[in-house]
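Undergrad: Below is run.pdb; it holds PDB, C-alpha atoms and all ligand atoms.
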```
ATOM      1  CA  MET A   1      -0.473  20.407 -13.953  1.00  0.00           C
ATOM      2  CA  VAL A   2       0.469  19.186 -10.471  1.00  0.00           C
ATOM      3  CA  PRO A   3       1.966  21.886  -8.245  1.00  0.00           C
ATOM      4  CA  GLN A   4       5.569  21.246  -7.191  1.00  0.00           C
ATOM      5  CA  SER A   5       4.270  20.509  -3.722  1.00  0.00           C
ATOM      6  CA  LEU A   6       6.655  17.751  -2.636  1.00  0.00           C
ATOM      7  CA  VAL A   7       9.984  19.321  -3.622  1.00  0.00           C
ATOM      8  CA  GLY A   8      12.735  18.073  -1.314  1.00  0.00           C
ATOM      9  CA  LYS A   9      10.524  15.407   0.280  1.00  0.00           C
ATOM     10  CA  LYS A  10      11.514  11.738   0.474  1.00  0.00           C
ATOM     11  CA  VAL A  11       8.624   9.388  -0.204  1.00  0.00           C
ATOM     12  CA  THR A  12       8.438   5.618   0.291  1.00  0.00           C
ATOM     13  CA  ILE A  13       5.611   3.717  -1.394  1.00  0.00           C
ATOM     14  CA  THR A  14       4.640   0.055  -1.003  1.00  0.00           C
ATOM     15  CA  ALA A  15       2.820  -1.467  -3.973  1.00  0.00           C
ATOM     16  CA  GLY A  16       1.395  -4.700  -5.312  1.00  0.00           C
ATOM     17  CA  PRO A  17       0.621  -7.975  -3.580  1.00  0.00           C
ATOM     18  CA  THR A  18       2.886  -9.993  -1.333  1.00  0.00           C
ATOM     19  CA  VAL A  19       3.674 -13.613  -2.097  1.00  0.00           C
ATOM     20  CA  GLU A  20       3.826 -16.109   0.758  1.00  0.00           C
ATOM     21  CA  ALA A  21       5.544 -19.389  -0.095  1.00  0.00           C
ATOM     22  CA  ILE A  22       3.812 -22.710   0.614  1.00  0.00           C
ATOM     23  CA  ASP A  23       6.633 -24.762  -0.895  1.00  0.00           C
ATOM     24  CA  PRO A  24       9.268 -24.054  -3.600  1.00  0.00           C
ATOM     25  CA  VAL A  25       6.611 -24.000  -6.364  1.00  0.00           C
ATOM     26  CA  ARG A  26       3.398 -22.753  -4.681  1.00  0.00           C
ATOM     27  CA  PHE A  27       2.357 -19.605  -2.869  1.00  0.00           C
ATOM     28  CA  LEU A  28      -0.510 -17.591  -1.342  1.00  0.00           C
ATOM     29  CA  SER A  29      -1.168 -14.183  -2.883  1.00  0.00           C
ATOM     30  CA  ASN A  30      -3.925 -11.900  -4.231  1.00  0.00           C
ATOM     31  CA  HIS A  31      -4.986 -10.047  -7.387  1.00  0.00           C
ATOM     32  CA  SER A  32      -3.298  -6.703  -6.687  1.00  0.00           C
ATOM     33  CA  THR A  33      -1.332  -5.454  -9.726  1.00  0.00           C
ATOM     34  CA  GLY A  34       0.533  -2.524  -8.171  1.00  0.00           C
ATOM     35  CA  LYS A  35      -0.976  -0.002 -10.629  1.00  0.00           C
ATOM     36  CA  MET A  36      -2.130   2.470  -7.946  1.00  0.00           C
ATOM     37  CA  GLY A  37       1.271   2.462  -6.216  1.00  0.00           C
ATOM     38  CA  PHE A  38       3.148   2.924  -9.491  1.00  0.00           C
ATOM     39  CA  ALA A  39       0.808   5.784 -10.483  1.00  0.00           C
ATOM     40  CA  LEU A  40       1.504   7.401  -7.101  1.00  0.00           C
ATOM     41  CA  ALA A  41       5.254   6.953  -7.594  1.00  0.00           C
ATOM     42  CA  ARG A  42       5.017   8.859 -10.902  1.00  0.00           C
ATOM     43  CA  ALA A  43       2.819  11.566  -9.373  1.00  0.00           C
ATOM     44  CA  CYS A  44       5.135  12.044  -6.357  1.00  0.00           C
ATOM     45  CA  ARG A  45       8.166  12.208  -8.670  1.00  0.00           C
ATOM     46  CA  ASP A  46       6.387  14.776 -10.870  1.00  0.00           C
ATOM     47  CA  ALA A  47       5.651  16.815  -7.726  1.00  0.00           C
ATOM     48  CA  GLY A  48       9.397  16.972  -7.025  1.00  0.00           C
ATOM     49  CA  ALA A  49       9.808  14.161  -4.475  1.00  0.00           C
ATOM     50  CA  GLU A  50      12.611  11.597  -4.230  1.00  0.00           C
ATOM     51  CA  VAL A  51      10.733   8.284  -4.455  1.00  0.00           C
ATOM     52  CA  THR A  52      11.500   4.747  -3.280  1.00  0.00           C
ATOM     53  CA  LEU A  53       8.983   2.216  -4.606  1.00  0.00           C
ATOM     54  CA  ILE A  54       8.843  -1.162  -2.856  1.00  0.00           C
ATOM     55  CA  ALA A  55       7.114  -3.596  -5.218  1.00  0.00           C
ATOM     56  CA  GLY A  56       5.867  -6.865  -3.787  1.00  0.00           C
ATOM     57  CA  GLY A  57       5.086 -10.232  -5.300  1.00  0.00           C
ATOM     58  CA  LYS A  58       5.371 -10.493  -9.051  1.00  0.00           C
ATOM     59  CA  VAL A  59       4.484  -6.934 -10.099  1.00  0.00           C
ATOM     60  CA  ASP A  60       4.893  -6.698 -13.864  1.00  0.00           C
ATOM     61  CA  LEU A  61       4.997  -2.929 -14.424  1.00  0.00           C
ATOM     62  CA  THR A  62       7.665  -0.636 -15.846  1.00  0.00           C
ATOM     63  CA  THR A  63       9.700   1.157 -13.207  1.00  0.00           C
ATOM     64  CA  PRO A  64       8.975   4.894 -13.454  1.00  0.00           C
ATOM     65  CA  LEU A  65      11.969   6.978 -14.551  1.00  0.00           C
ATOM     66  CA  ASP A  66      13.996   8.469 -11.676  1.00  0.00           C
ATOM     67  CA  VAL A  67      12.259   6.240  -9.102  1.00  0.00           C
ATOM     68  CA  GLN A  68      14.280   3.835  -6.979  1.00  0.00           C
ATOM     69  CA  ARG A  69      12.595   0.426  -7.107  1.00  0.00           C
ATOM     70  CA  VAL A  70      13.088  -2.369  -4.588  1.00  0.00           C
ATOM     71  CA  ASN A  71      11.578  -5.769  -5.440  1.00  0.00           C
ATOM     72  CA  VAL A  72      10.430  -8.030  -2.605  1.00  0.00           C
ATOM     73  CA  LEU A  73       8.227 -11.104  -2.348  1.00  0.00           C
ATOM     74  CA  SER A  74       6.756 -11.660   1.104  1.00  0.00           C
ATOM     75  CA  ALA A  75       5.281  -9.366   3.756  1.00  0.00           C
ATOM     76  CA  ASN A  76       8.309  -9.919   5.973  1.00  0.00           C
ATOM     77  CA  ASP A  77      10.616  -8.918   3.082  1.00  0.00           C
ATOM     78  CA  MET A  78       8.447  -5.848   2.448  1.00  0.00           C
ATOM     79  CA  LEU A  79       8.618  -4.847   6.119  1.00  0.00           C
ATOM     80  CA  GLN A  80      12.413  -5.166   6.048  1.00  0.00           C
ATOM     81  CA  ALA A  81      12.700  -3.030   2.890  1.00  0.00           C
ATOM     82  CA  ALA A  82      10.237  -0.463   4.271  1.00  0.00           C
ATOM     83  CA  SER A  83      12.133  -0.273   7.587  1.00  0.00           C
ATOM     84  CA  GLN A  84      15.419   0.282   5.716  1.00  0.00           C
ATOM     85  CA  SER A  85      13.897   3.025   3.584  1.00  0.00           C
ATOM     86  CA  ALA A  86      12.348   4.706   6.634  1.00  0.00           C
ATOM     87  CA  ALA A  87      15.616   4.500   8.594  1.00  0.00           C
ATOM     88  CA  ALA A  88      17.487   6.084   5.664  1.00  0.00           C
ATOM     89  CA  GLY A  89      15.214   9.136   5.967  1.00  0.00           C
ATOM     90  CA  CYS A  90      11.655   9.430   4.763  1.00  0.00           C
ATOM     91  CA  ASP A  91       9.082  12.225   5.090  1.00  0.00           C
ATOM     92  CA  ILE A  92       6.031  10.526   3.607  1.00  0.00           C
ATOM     93  CA  PHE A  93       5.104   6.829   3.663  1.00  0.00           C
ATOM     94  CA  ILE A  94       2.315   5.683   1.333  1.00  0.00           C
ATOM     95  CA  ALA A  95       1.077   2.101   1.739  1.00  0.00           C
ATOM     96  CA  THR A  96      -0.820   0.876  -1.304  1.00  0.00           C
ATOM     97  CA  ALA A  97       0.372  -2.732  -1.046  1.00  0.00           C
ATOM     98  CA  ALA A  98      -2.201  -5.487  -0.646  1.00  0.00           C
ATOM     99  CA  VAL A  99      -0.241  -7.328   2.011  1.00  0.00           C
ATOM    100  CA  ALA A 100      -1.304 -10.942   2.576  1.00  0.00           C
ATOM    101  CA  ASP A 101      -2.967 -11.119   5.987  1.00  0.00           C
ATOM    102  CA  TYR A 102      -1.446 -14.543   6.710  1.00  0.00           C
ATOM    103  CA  ARG A 103       1.621 -16.551   5.707  1.00  0.00           C
ATOM    104  CA  THR A 104       2.447 -20.213   6.153  1.00  0.00           C
ATOM    105  CA  ARG A 105       4.086 -20.876   9.517  1.00  0.00           C
ATOM    106  CA  ASP A 106       6.881 -22.792   7.752  1.00  0.00           C
ATOM    107  CA  ALA A 107       7.197 -23.057   3.975  1.00  0.00           C
ATOM    108  CA  ALA A 108       7.945 -26.694   3.031  1.00  0.00           C
ATOM    109  CA  PRO A 109      11.553 -27.043   1.843  1.00  0.00           C
ATOM    110  CA  GLN A 110      10.532 -29.564  -0.870  1.00  0.00           C
ATOM    111  CA  LYS A 111       7.512 -29.697  -3.193  1.00  0.00           C
ATOM    112  CA  ILE A 112       4.499 -31.087  -1.287  1.00  0.00           C
ATOM    113  CA  LYS A 113       3.273 -34.313  -2.938  1.00  0.00           C
ATOM    114  CA  LYS A 114      -0.454 -34.994  -3.377  1.00  0.00           C
ATOM    115  CA  THR A 115      -0.474 -38.181  -1.347  1.00  0.00           C
ATOM    116  CA  GLN A 116      -3.281 -37.174   1.049  1.00  0.00           C
ATOM    117  CA  ASP A 117      -6.964 -36.532   0.222  1.00  0.00           C
ATOM    118  CA  GLU A 118      -7.022 -33.539   2.548  1.00  0.00           C
ATOM    119  CA  MET A 119      -4.385 -31.173   3.786  1.00  0.00           C
ATOM    120  CA  THR A 120      -4.350 -28.239   6.172  1.00  0.00           C
ATOM    121  CA  LEU A 121      -2.097 -25.209   5.900  1.00  0.00           C
ATOM    122  CA  ASP A 122      -0.871 -23.813   9.194  1.00  0.00           C
ATOM    123  CA  LEU A 123      -1.052 -19.999   8.832  1.00  0.00           C
ATOM    124  CA  VAL A 124       0.208 -17.188  11.034  1.00  0.00           C
ATOM    125  CA  LYS A 125      -0.646 -13.479  10.848  1.00  0.00           C
ATOM    126  CA  ASN A 126       1.710 -11.198   8.933  1.00  0.00           C
ATOM    127  CA  PRO A 127       3.094  -8.009  10.482  1.00  0.00           C
ATOM    128  CA  ASP A 128       1.221  -4.785   9.700  1.00  0.00           C
ATOM    129  CA  ILE A 129       3.857  -2.861   7.731  1.00  0.00           C
ATOM    130  CA  LEU A 130       2.056   0.484   7.763  1.00  0.00           C
ATOM    131  CA  ALA A 131       1.282   0.363  11.505  1.00  0.00           C
ATOM    132  CA  THR A 132       4.831  -0.761  12.342  1.00  0.00           C
ATOM    133  CA  ILE A 133       6.462   2.121  10.427  1.00  0.00           C
ATOM    134  CA  SER A 134       3.880   4.590  11.725  1.00  0.00           C
ATOM    135  CA  HIS A 135       4.393   3.645  15.375  1.00  0.00           C
ATOM    136  CA  THR A 136       8.194   3.650  14.979  1.00  0.00           C
ATOM    137  CA  TYR A 137       8.292   7.066  13.245  1.00  0.00           C
ATOM    138  CA  PRO A 138       5.463   9.177  14.735  1.00  0.00           C
ATOM    139  CA  ASP A 139       6.534  12.318  12.819  1.00  0.00           C
ATOM    140  CA  MET A 140       6.403  10.692   9.386  1.00  0.00           C
ATOM    141  CA  PHE A 141       3.348  11.625   7.271  1.00  0.00           C
ATOM    142  CA  MET A 142       1.492   8.330   6.865  1.00  0.00           C
ATOM    143  CA  VAL A 143      -0.982   7.541   4.108  1.00  0.00           C
ATOM    144  CA  GLY A 144      -2.991   4.313   4.098  1.00  0.00           C
ATOM    145  CA  PHE A 145      -5.431   2.735   1.682  1.00  0.00           C
ATOM    146  CA  ALA A 146      -8.482   0.698   2.518  1.00  0.00           C
ATOM    147  CA  ALA A 147     -10.878  -1.409   0.519  1.00  0.00           C
ATOM    148  CA  GLU A 148     -14.304  -1.615   2.076  1.00  0.00           C
ATOM    149  CA  THR A 149     -17.735  -2.840   0.997  1.00  0.00           C
ATOM    150  CA  GLN A 150     -19.789  -1.118   3.716  1.00  0.00           C
ATOM    151  CA  ASP A 151     -19.560   1.419   6.570  1.00  0.00           C
ATOM    152  CA  VAL A 152     -16.638   3.048   4.737  1.00  0.00           C
ATOM    153  CA  GLU A 153     -16.329   6.058   7.045  1.00  0.00           C
ATOM    154  CA  LYS A 154     -16.515   4.006  10.246  1.00  0.00           C
ATOM    155  CA  TYR A 155     -13.779   1.591   9.138  1.00  0.00           C
ATOM    156  CA  ALA A 156     -11.655   4.389   7.661  1.00  0.00           C
ATOM    157  CA  ARG A 157     -11.716   6.363  10.902  1.00  0.00           C
ATOM    158  CA  GLY A 158     -10.944   3.192  12.854  1.00  0.00           C
ATOM    159  CA  LYS A 159      -7.840   2.554  10.736  1.00  0.00           C
ATOM    160  CA  LEU A 160      -6.757   6.203  10.875  1.00  0.00           C
ATOM    161  CA  ALA A 161      -6.700   5.894  14.661  1.00  0.00           C
ATOM    162  CA  SER A 162      -5.379   2.347  15.141  1.00  0.00           C
ATOM    163  CA  LYS A 163      -2.571   2.706  12.572  1.00  0.00           C
ATOM    164  CA  ASP A 164      -1.878   6.322  13.553  1.00  0.00           C
ATOM    165  CA  LEU A 165      -2.328   7.670  10.024  1.00  0.00           C
ATOM    166  CA  ASP A 166      -2.581  11.211   8.670  1.00  0.00           C
ATOM    167  CA  MET A 167      -4.704  10.283   5.652  1.00  0.00           C
ATOM    168  CA  ILE A 168      -6.549   7.235   4.396  1.00  0.00           C
ATOM    169  CA  ALA A 169      -7.944   6.701   0.897  1.00  0.00           C
ATOM    170  CA  CYS A 170     -10.831   4.247   0.698  1.00  0.00           C
ATOM    171  CA  ASN A 171     -12.354   2.579  -2.299  1.00  0.00           C
ATOM    172  CA  ASP A 172     -15.549   0.616  -2.516  1.00  0.00           C
ATOM    173  CA  VAL A 173     -14.501  -2.832  -3.667  1.00  0.00           C
ATOM    174  CA  SER A 174     -18.081  -3.937  -4.227  1.00  0.00           C
ATOM    175  CA  ARG A 175     -17.932  -1.829  -7.433  1.00  0.00           C
ATOM    176  CA  LYS A 176     -16.781  -3.981 -10.369  1.00  0.00           C
ATOM    177  CA  ASP A 177     -15.645  -1.051 -12.531  1.00  0.00           C
ATOM    178  CA  ILE A 178     -12.813   0.151 -10.262  1.00  0.00           C
ATOM    179  CA  GLY A 179     -10.019  -1.120  -8.055  1.00  0.00           C
ATOM    180  CA  PHE A 180      -7.482  -3.919  -8.330  1.00  0.00           C
ATOM    181  CA  ALA A 181      -6.700  -4.682 -11.998  1.00  0.00           C
ATOM    182  CA  SER A 182      -8.749  -1.768 -13.347  1.00  0.00           C
ATOM    183  CA  ASP A 183      -7.049   1.318 -14.804  1.00  0.00           C
ATOM    184  CA  GLU A 184      -9.597   3.476 -12.988  1.00  0.00           C
ATOM    185  CA  ASN A 185     -10.416   4.153  -9.394  1.00  0.00           C
ATOM    186  CA  ALA A 186     -12.685   6.287  -7.201  1.00  0.00           C
ATOM    187  CA  MET A 187     -11.960   7.073  -3.569  1.00  0.00           C
ATOM    188  CA  THR A 188     -12.996   8.931  -0.488  1.00  0.00           C
ATOM    189  CA  VAL A 189     -10.118  10.404   1.492  1.00  0.00           C
ATOM    190  CA  PHE A 190     -10.374  10.847   5.267  1.00  0.00           C
ATOM    191  CA  PHE A 191      -7.969  12.897   7.373  1.00  0.00           C
ATOM    192  CA  ALA A 192      -6.751  12.569  10.978  1.00  0.00           C
ATOM    193  CA  ASP A 193      -8.827  14.692  13.372  1.00  0.00           C
ATOM    194  CA  LYS A 194      -5.914  17.094  14.007  1.00  0.00           C
ATOM    195  CA  TYR A 195      -6.196  18.467  10.436  1.00  0.00           C
ATOM    196  CA  GLN A 196      -9.890  19.352  10.899  1.00  0.00           C
ATOM    197  CA  GLN A 197     -10.371  18.608   7.215  1.00  0.00           C
ATOM    198  CA  GLU A 198     -13.626  17.336   5.722  1.00  0.00           C
ATOM    199  CA  PRO A 199     -13.469  14.049   3.748  1.00  0.00           C
ATOM    200  CA  GLU A 200     -12.712  14.502   0.027  1.00  0.00           C
ATOM    201  CA  ALA A 201     -14.553  12.444  -2.592  1.00  0.00           C
ATOM    202  CA  LEU A 202     -12.434  11.743  -5.671  1.00  0.00           C
ATOM    203  CA  ASP A 203     -14.742  10.784  -8.556  1.00  0.00           C
ATOM    204  CA  LYS A 204     -14.032   7.856 -10.852  1.00  0.00           C
ATOM    205  CA  ALA A 205     -10.958   8.662 -12.922  1.00  0.00           C
ATOM    206  CA  SER A 206      -7.769   7.034 -14.213  1.00  0.00           C
ATOM    207  CA  LYS A 207      -5.373   5.854 -11.516  1.00  0.00           C
ATOM    208  CA  ASP A 208      -2.874   8.471 -12.763  1.00  0.00           C
ATOM    209  CA  ASP A 209      -5.490  11.183 -12.293  1.00  0.00           C
ATOM    210  CA  ILE A 210      -6.455   9.891  -8.818  1.00  0.00           C
ATOM    211  CA  ALA A 211      -2.761   9.685  -7.891  1.00  0.00           C
ATOM    212  CA  GLN A 212      -2.208  13.331  -8.872  1.00  0.00           C
ATOM    213  CA  GLN A 213      -5.210  14.402  -6.799  1.00  0.00           C
ATOM    214  CA  LEU A 214      -3.941  12.403  -3.816  1.00  0.00           C
ATOM    215  CA  VAL A 215      -0.494  13.972  -4.134  1.00  0.00           C
ATOM    216  CA  ALA A 216      -2.082  17.431  -4.228  1.00  0.00           C
ATOM    217  CA  LEU A 217      -4.015  16.577  -1.032  1.00  0.00           C
ATOM    218  CA  ILE A 218      -0.825  15.315   0.637  1.00  0.00           C
ATOM    219  CA  GLY A 219       1.027  18.478  -0.428  1.00  0.00           C
ATOM    220  CA  ASN A 220      -1.728  20.686   0.968  1.00  0.00           C
ATOM    221  CA  THR A 221      -1.971  18.780   4.243  1.00  0.00           C
ATOM    222  CA  ILE A 222       1.638  18.047   5.196  1.00  0.00           C
TER     223      ILE A 222
HETATM  224  O1  LIG B   1      -6.099  -3.316   7.746  1.00  0.00           O
HETATM  225  P1  LIG B   1      -6.117  -3.175   6.257  1.00  0.00           P
HETATM  226  O2  LIG B   1      -5.459  -4.324   5.551  1.00  0.00           O
HETATM  227  O3  LIG B   1      -7.462  -2.827   5.681  1.00  0.00           O
HETATM  228  O4  LIG B   1      -5.229  -1.869   6.012  1.00  0.00           O
HETATM  229  C1  LIG B   1      -4.955  -1.427   4.748  1.00  0.00           C
HETATM  230  C2  LIG B   1      -3.760  -0.507   4.771  1.00  0.00           C
HETATM  231  O5  LIG B   1      -2.719  -1.010   5.602  1.00  0.00           O
HETATM  232  C3  LIG B   1      -3.136  -0.373   3.398  1.00  0.00           C
HETATM  233  O6  LIG B   1      -2.560   0.909   3.325  1.00  0.00           O
HETATM  234  C4  LIG B   1      -2.083  -1.480   3.403  1.00  0.00           C
HETATM  235  O7  LIG B   1      -1.040  -1.233   2.477  1.00  0.00           O
HETATM  236  C5  LIG B   1      -1.591  -1.442   4.836  1.00  0.00           C
HETATM  237  N1  LIG B   1      -1.184  -2.760   5.366  1.00  0.00           N
HETATM  238  C6  LIG B   1       0.142  -3.004   5.643  1.00  0.00           C
HETATM  239  N2  LIG B   1       0.513  -4.227   6.184  1.00  0.00           N
HETATM  240  C7  LIG B   1      -0.407  -5.168   6.432  1.00  0.00           C
HETATM  241  C8  LIG B   1      -1.775  -4.938   6.146  1.00  0.00           C
HETATM  242  C9  LIG B   1      -2.130  -3.715   5.618  1.00  0.00           C
HETATM  243  O8  LIG B   1       1.004  -2.133   5.393  1.00  0.00           O
HETATM  244  N3  LIG B   1      -0.026  -6.340   6.944  1.00  0.00           N
END
```
What would the structure in this file look like if it were written as structure tokens?

TA:
Amino acid sequence: MVPQSLVGKKVTITAGPTVEAIDPVRFLSNHSTGKMGFALARACRDAGAEVTLIAGGKVDLTTPLDVQRVNVLSANDMLQAASQSAAAGCDIFIATAAVADYRTRDAAPQKIKKTQDEMTLDLVKNPDILATISHTYPDMFMVGFAAETQDVEKYARGKLASKDLDMIACNDVSRKDIGFASDENAMTVFFADKYQQEPEALDKASKDDIAQQLVALIGNTI
């Protein structure tokens, strides 16, 4: 049973991949399914929060009951939706989305024909949604996710500082049995120095279980 730790709190969650158009029929994206973000939306709702869930790309998951869902495609769309949700009032921002690092500079207006033997895509960096919201709203409780294969603590602490986060949950993506499309996950959670809280290891469990543990940690920290 999750304690009613987020009663009266407004939570915004980003989930899933983003989709960056190449032309009207092709895109750049990744394998994120949105499962972790949707599990967190359910857990936050069950803890009494009012939840806005911004789902990117082509997430094919049922919208949790009593959760406000906003569908977007690209990173720029996700940033716009996240900014709107933050401006409308938000206490906790949880970024689980696997945002594409780059997008095409200009999506072709018509389908690109295969007339050349080689082609080059001109890519530009996407905005960092989490860092943008965090730097705009310094009092908002910010939770990030990170996928690392090595030096987990070093990279986690680096992201806590550079993105001005309160908490970051890291998973080891070199493990085949957890992450992305899996129904299970295992994480280590690191906290900003000001909380003087030791890292918490969450053992392999269902994403719903991990989400409930993360919500309990957020409730105890905020
Ligand atoms: O820098 P990195 O991609 O490892 O950071 C991961 C965290 O930052 C995740 O919480 C992710 O949702 C968020 N992020 C974001 N916008 C980006 C890249 C990452 O919100 N463009």

Undergrad: Rank nothing, just name the residue among A:Val11, A:Leu6, A:Ala161, A:Leu28 nearest to A:Leu121, using all atoms listed in the file.

TA: A:Leu28

Undergrad: Could you list, as a PyMOL selection string, every residue within 10 Å of stretch 71-85 of chain A, counting only C-alpha atoms and ignoring same-chain residues fewer than 4 positions away?

TA: chain A and resi 10-21+27-29+52-59+89-90+93+95+97-103+126-130+132-133+136

Undergrad: Out of A:Met167, A:Ala146, A:Met140, A:Leu123, which residue has the shortest atom-to-atom distance to ligand LIG 1 (chain B) when counting all atoms listed in the file?

TA: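 Among A:Met167, A:Ala146, A:Met140, A:Leu123, it is A:Ala146 that comes nearest to ligand LIG 1 (chain B).
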
Undergrad: Put the listed atoms of ligand LIG 1 (chain B) in a box along x, y and z with 8 Å added on every side and give me the centre and edge lengths in Å to one decimal, as lines of an AutoDock Vina configuration file.

TA:
```
center_x = -3.2
center_y = -2.7
center_z = 5.1
size_x = 24.5
size_y = 23.2
size_z = 21.3
```

Undergrad: Which of these, A:Asp151, A:Asp193, A:Asp166, A:Asp183, has the shortest distance to A:Ala211 once you count only C-alpha atoms?

TA: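 Under the stated criterion, the closest residue is A:Asp183.
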
Undergrad: When distances are computed from only C-alpha atoms and all ligand atoms, which of A:Gly48, A:Gly158, A:Gly144, A:Pro199 shows the smallest separation from ligand LIG 1 (chain B)?

TA: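 Using only C-alpha atoms and all ligand atoms, the shortest distance to ligand LIG 1 (chain B) belongs to A:Gly144.
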
Undergrad: Rounded to one decimal place, report the atom CA of A:Gln150-atom CA of A:Val173 distance in Å.

TA: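 So the answer is 9.2 Å.
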
Undergrad: Could you tell me, as a PyMOL selection string, exactly which residues end up selected when the PyMOL selection byres (((chain A and resi 108) around 10) and not hetatm) is applied to this structure?

TA: chain A and resi 21-26+104-107+109-112

Undergrad: Atom O3 of ligand LIG 1 (chain B) and atom CA of A:Lys163, how far apart in Å?

TA: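 Distance between the two atoms: 10.1 Å.
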
Undergrad: Please return as a compact mmCIF listing (two decimals) with C-alpha atoms, keeping the file's coordinate frame every residue within 10 Å of (-2.1, 17.8, 4.2), taking into account all atoms listed in the file and the file's own coordinates.

TA:
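Final output, saved to part.txt:
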```txt
# COMPACT_ATOMS: atom_id res chain seq x y z
CA PHE A 141 3.35 11.62 7.27
CA ASP A 166 -2.58 11.21 8.67
CA MET A 167 -4.70 10.28 5.65
CA PHE A 191 -7.97 12.90 7.37
CA ALA A 192 -6.75 12.57 10.98
CA TYR A 195 -6.20 18.47 10.44
CA GLN A 197 -10.37 18.61 7.22
CA LEU A 214 -3.94 12.40 -3.82
CA VAL A 215 -0.49 13.97 -4.13
CA ALA A 216 -2.08 17.43 -4.23
CA LEU A 217 -4.01 16.58 -1.03
CA ILE A 218 -0.82 15.32 0.64
CA GLY A 219 1.03 18.48 -0.43
CA ASN A 220 -1.73 20.69 0.97
CA THR A 221 -1.97 18.78 4.24
CA ILE A 222 1.64 18.05 5.20
```

Undergrad: Kindly give the distance, in Å, that separates atom CA of A:Gln212 and atom CA of A:Thr149, rounded to a single decimal.

TA: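 Value for the atom CA of A:Gln212-atom CA of A:Thr149 distance: 24.5 Å.
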
Undergrad: Residues near A:Gly8, anyone? I mean within 10 Å using all atoms listed in the file, not counting same-chain ones fewer than 4 positions away, as JSON, numbers by chain.

TA: {"A": [4, 47, 48, 49, 50, 91]}

Undergrad: For the residues in the current selection, export C-alpha atoms as an mmCIF file, in the coordinates of the input.

TA:
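And here is the file that came out, again12.cif:
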```cif
data_model
loop_
_atom_site.group_PDB
_atom_site.id
_atom_site.type_symbol
_atom_site.label_atom_id
_atom_site.label_comp_id
_atom_site.auth_asym_id
_atom_site.auth_seq_id
_atom_site.Cartn_x
_atom_site.Cartn_y
_atom_site.Cartn_z
ATOM 1 C CA GLN A 4 5.569 21.246 -7.191
ATOM 2 C CA ALA A 47 5.651 16.815 -7.726
ATOM 3 C CA GLY A 48 9.397 16.972 -7.025
ATOM 4 C CA ALA A 49 9.808 14.161 -4.475
ATOM 5 C CA GLU A 50 12.611 11.597 -4.230
ATOM 6 C CA ASP A 91 9.082 12.225 5.090
#
```

Undergrad: Of the candidates A:Gln196, A:Gln116, A:Asn171, A:Thr96, which one gets nearest to A:Ala39 if we count all atoms listed in the file?

TA: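 Comparing A:Gln196, A:Gln116, A:Asn171, A:Thr96 against A:Ala39, the winner is A:Thr96.
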
Undergrad: Kindly indicate which residue among A:Glu118, A:Asp139, A:Glu148, A:Asp172 lies nearest to ligand LIG 1 (chain B), using only C-alpha atoms and all ligand atoms for the distances.

TA: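 Ranked by minimum distance to ligand LIG 1 (chain B), first place goes to A:Glu148.
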
Undergrad: Please identify all polymer residues within 8 Å of A:Val189, counting only C-alpha atoms, omitting same-chain residues fewer than 3 positions from it, and present them as a PyMOL selection string.

TA: chain A and resi 167-170+199-202
